[in-house]
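Okay, start30.txt is below, compact mmCIF, C-alpha atoms:
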# COMPACT_ATOMS: atom_id res chain seq x y z
CA MET A 1 217.46 194.02 44.82
CA THR A 2 217.90 191.38 47.53
CA SER A 3 221.27 189.84 48.36
CA ILE A 4 220.26 186.53 46.72
CA HIS A 5 218.64 186.44 43.29
CA LEU A 6 217.42 183.38 41.37
CA GLU A 7 216.92 183.48 37.63
CA SER A 8 215.27 180.63 35.72
CA ASN A 9 216.26 180.08 32.11
CA GLN A 10 215.13 177.39 29.70
CA ASP A 11 217.58 174.73 30.92
CA ARG A 12 219.30 176.18 34.02
CA TYR A 13 218.94 178.18 37.17
CA THR A 14 221.30 181.07 37.80
CA ILE A 15 221.87 182.19 41.38
CA SER A 16 223.44 185.58 42.06
CA ILE A 17 224.68 186.38 45.55
CA ASP A 18 225.90 189.80 46.61
CA LYS A 19 229.54 189.57 47.72
CA ASN A 20 228.77 191.94 50.60
CA ALA A 21 226.19 189.48 51.96
CA VAL A 22 228.49 186.45 52.44
CA ASP A 23 232.19 185.76 52.71
CA LYS A 24 234.19 183.48 50.42
CA ALA A 25 234.44 180.64 52.96
CA TRP A 26 230.65 180.54 53.36
CA MET A 27 230.23 180.51 49.59
CA ILE A 28 232.67 177.60 49.18
CA LYS A 29 230.82 175.60 51.86
CA LEU A 30 227.52 176.27 50.08
CA ILE A 31 228.92 175.07 46.75
CA GLU A 32 230.38 171.94 48.39
CA ARG A 33 227.00 171.22 50.02
CA LEU A 34 225.18 171.64 46.70
CA ARG A 35 227.65 169.29 45.03
CA MET A 36 227.19 166.64 47.74
CA GLU A 37 223.41 166.92 47.39
CA GLU A 38 223.73 166.51 43.63
CA LEU A 39 225.91 163.40 44.01
CA ALA A 40 223.62 161.87 46.64
CA HIS A 41 220.62 162.45 44.39
CA GLN A 42 222.38 160.59 41.56
CA LEU A 43 222.98 157.50 43.75
CA ASN A 44 219.26 156.69 43.90
CA PHE A 45 219.27 154.67 47.16
CA ASP A 46 216.30 152.50 47.98
CA GLU A 47 214.25 152.75 51.19
CA SER A 48 216.37 150.20 53.08
CA VAL A 49 219.29 152.65 53.21
CA GLU A 50 217.08 155.33 54.73
CA GLU A 51 215.70 152.84 57.27
CA LEU A 52 219.25 151.85 58.22
CA GLY A 53 220.17 155.53 58.67
CA GLU A 54 217.16 156.10 60.91
CA GLN A 55 218.10 153.07 63.03
CA ILE A 56 221.70 154.29 63.37
CA LYS A 57 220.47 157.74 64.46
CA ALA A 58 218.02 156.20 66.96
CA ASP A 59 220.72 153.99 68.45
CA TRP A 60 223.16 156.90 68.69
CA TRP A 61 220.54 159.11 70.32
CA ALA A 62 219.65 156.41 72.86
CA LYS A 63 223.31 156.12 73.87
CA ASN A 64 224.08 159.87 73.90
CA LYS A 65 220.82 161.56 74.92
CA SER A 66 222.00 162.14 78.49
CA ARG A 67 224.89 164.25 77.20
CA PHE A 68 222.41 166.80 75.81
CA ILE A 69 219.29 166.50 77.96
CA ASN A 70 219.30 166.27 81.76
CA GLU A 71 216.35 164.24 82.89
Can the structure from this file be put into structure tokens for me?
Amino acid sequence: MTSIHLESNQDRYTISIDKNAVDKAWMIKLIERLRMEELAHQLNFDESVEELGEQIKADWWAKNKSRFINE
């Protein structure tokens, strides 16, 4: 058996993860990430929010690119 196992039932997925494969802190972060993804999915943003996010990232990258890439 692998360290991560996914089982599909009629109305749910069950994920089993071997305790020897990950530590508790990693597992808590994974659960928090899954919960955030679930909440974000429920918000149902329209395309304008995604466009705004892309513009913010582009502006940030233009201002900070030199910190990461020497041209």
How close does segment 26-68 of chain A get to segment 7-17 of chain A? List, as JSON lines, each residue of segment 26-68 of chain A within 12 Å, its nearest atom pair and the distance in Å to one decimal, counting all atoms listed in the file.
{"residue": "A:Trp26", "atom": "CA", "partner": "A:Ile17", "partner_atom": "CA", "distance": 11.4}
{"residue": "A:Met27", "atom": "CA", "partner": "A:Ile17", "partner_atom": "CA", "distance": 9.0}
{"residue": "A:Leu30", "atom": "CA", "partner": "A:Ile17", "partner_atom": "CA", "distance": 11.4}
{"residue": "A:Ile31", "atom": "CA", "partner": "A:Ile15", "partner_atom": "CA", "distance": 11.4}
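Atom CA of Gln55 of chain A to atom CA of Arg33 of chain A spans 24.0 Å [interatomic distance, one decimal].
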Kindly list the centre and edge lengths in Å, rounded to one decimal, for the axis-aligned box that covers all listed atoms of segment 62-67 of chain A plus 5 Å on each of its six sides, as lines of an AutoDock Vina configuration file.
center_x = 222.3
center_y = 160.2
center_z = 75.7
size_x = 15.2
size_y = 18.1
size_z = 15.6
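With atom CA of Thr2 of chain A on one side and atom CA of Asn20 of chain A on the other, the separation reads 11.3 Å.
Note that the spacing between atom CA of Arg67 of chain A and atom CA of Leu52 of chain A amounts to 23.4 Å.
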Take segment 38-59 of chain A, bring it up to N, CA, C and O atoms, and give me the output as a CSV table (one decimal), in the frame of the given file.
chain,number,residue,atom,x,y,z
A,38,GLU,N,223.9,167.0,45.0
A,38,GLU,CA,223.7,166.5,43.6
A,38,GLU,C,224.2,165.1,43.5
A,38,GLU,O,223.6,164.2,42.9
A,39,LEU,N,225.4,164.8,44.1
A,39,LEU,CA,225.9,163.4,44.0
A,39,LEU,C,225.0,162.4,44.7
A,39,LEU,O,224.8,161.3,44.2
A,40,ALA,N,224.5,162.8,45.9
A,40,ALA,CA,223.6,161.9,46.6
A,40,ALA,C,222.3,161.6,45.9
A,40,ALA,O,221.8,160.5,45.8
A,41,HIS,N,221.8,162.6,45.2
A,41,HIS,CA,220.6,162.4,44.4
A,41,HIS,C,220.9,161.5,43.2
A,41,HIS,O,220.0,160.7,42.9
A,42,GLN,N,222.1,161.5,42.7
A,42,GLN,CA,222.4,160.6,41.6
A,42,GLN,C,222.5,159.1,42.0
A,42,GLN,O,222.4,158.2,41.2
A,43,LEU,N,222.8,158.9,43.3
A,43,LEU,CA,223.0,157.5,43.8
A,43,LEU,C,221.7,156.7,43.8
A,43,LEU,O,221.7,155.5,43.6
A,44,ASN,N,220.6,157.3,44.0
A,44,ASN,CA,219.3,156.7,43.9
A,44,ASN,C,219.2,155.5,44.9
A,44,ASN,O,218.9,154.4,44.4
A,45,PHE,N,219.4,155.7,46.2
A,45,PHE,CA,219.3,154.7,47.2
A,45,PHE,C,217.8,154.2,47.3
A,45,PHE,O,216.9,155.0,47.1
A,46,ASP,N,217.7,153.0,47.7
A,46,ASP,CA,216.3,152.5,48.0
A,46,ASP,C,215.9,152.8,49.4
A,46,ASP,O,216.8,153.3,50.2
A,47,GLU,N,214.7,152.4,49.9
A,47,GLU,CA,214.2,152.8,51.2
A,47,GLU,C,215.0,152.1,52.3
A,47,GLU,O,215.1,152.6,53.4
A,48,SER,N,215.6,150.9,52.0
A,48,SER,CA,216.4,150.2,53.1
A,48,SER,C,217.5,151.0,53.6
A,48,SER,O,217.9,150.9,54.8
A,49,VAL,N,218.2,151.8,52.8
A,49,VAL,CA,219.3,152.6,53.2
A,49,VAL,C,218.8,153.7,54.2
A,49,VAL,O,219.4,154.0,55.2
A,50,GLU,N,217.6,154.3,53.8
A,50,GLU,CA,217.1,155.3,54.7
A,50,GLU,C,216.7,154.7,56.1
A,50,GLU,O,216.9,155.3,57.1
A,51,GLU,N,216.1,153.5,56.0
A,51,GLU,CA,215.7,152.8,57.3
A,51,GLU,C,216.9,152.5,58.1
A,51,GLU,O,216.9,152.7,59.3
A,52,LEU,N,218.0,152.1,57.5
A,52,LEU,CA,219.2,151.8,58.2
A,52,LEU,C,219.8,153.1,58.9
A,52,LEU,O,220.2,153.1,60.0
A,53,GLY,N,219.7,154.2,58.1
A,53,GLY,CA,220.2,155.5,58.7
A,53,GLY,C,219.3,155.9,59.9
A,53,GLY,O,219.9,156.4,60.9
A,54,GLU,N,218.0,155.7,59.8
A,54,GLU,CA,217.2,156.1,60.9
A,54,GLU,C,217.5,155.2,62.1
A,54,GLU,O,217.5,155.7,63.3
A,55,GLN,N,217.8,154.0,61.9
A,55,GLN,CA,218.1,153.1,63.0
A,55,GLN,C,219.4,153.5,63.7
A,55,GLN,O,219.6,153.5,64.9
A,56,ILE,N,220.4,153.8,62.8
A,56,ILE,CA,221.7,154.3,63.4
A,56,ILE,C,221.5,155.6,64.2
A,56,ILE,O,222.1,155.7,65.3
A,57,LYS,N,220.7,156.5,63.7
A,57,LYS,CA,220.5,157.7,64.5
A,57,LYS,C,219.7,157.4,65.8
A,57,LYS,O,220.1,158.0,66.8
A,58,ALA,N,218.8,156.5,65.7
A,58,ALA,CA,218.0,156.2,67.0
A,58,ALA,C,218.9,155.5,68.0
A,58,ALA,O,218.9,155.9,69.2
A,59,ASP,N,219.8,154.6,67.5
A,59,ASP,CA,220.7,154.0,68.4
A,59,ASP,C,221.7,155.0,69.0
A,59,ASP,O,222.0,155.0,70.3
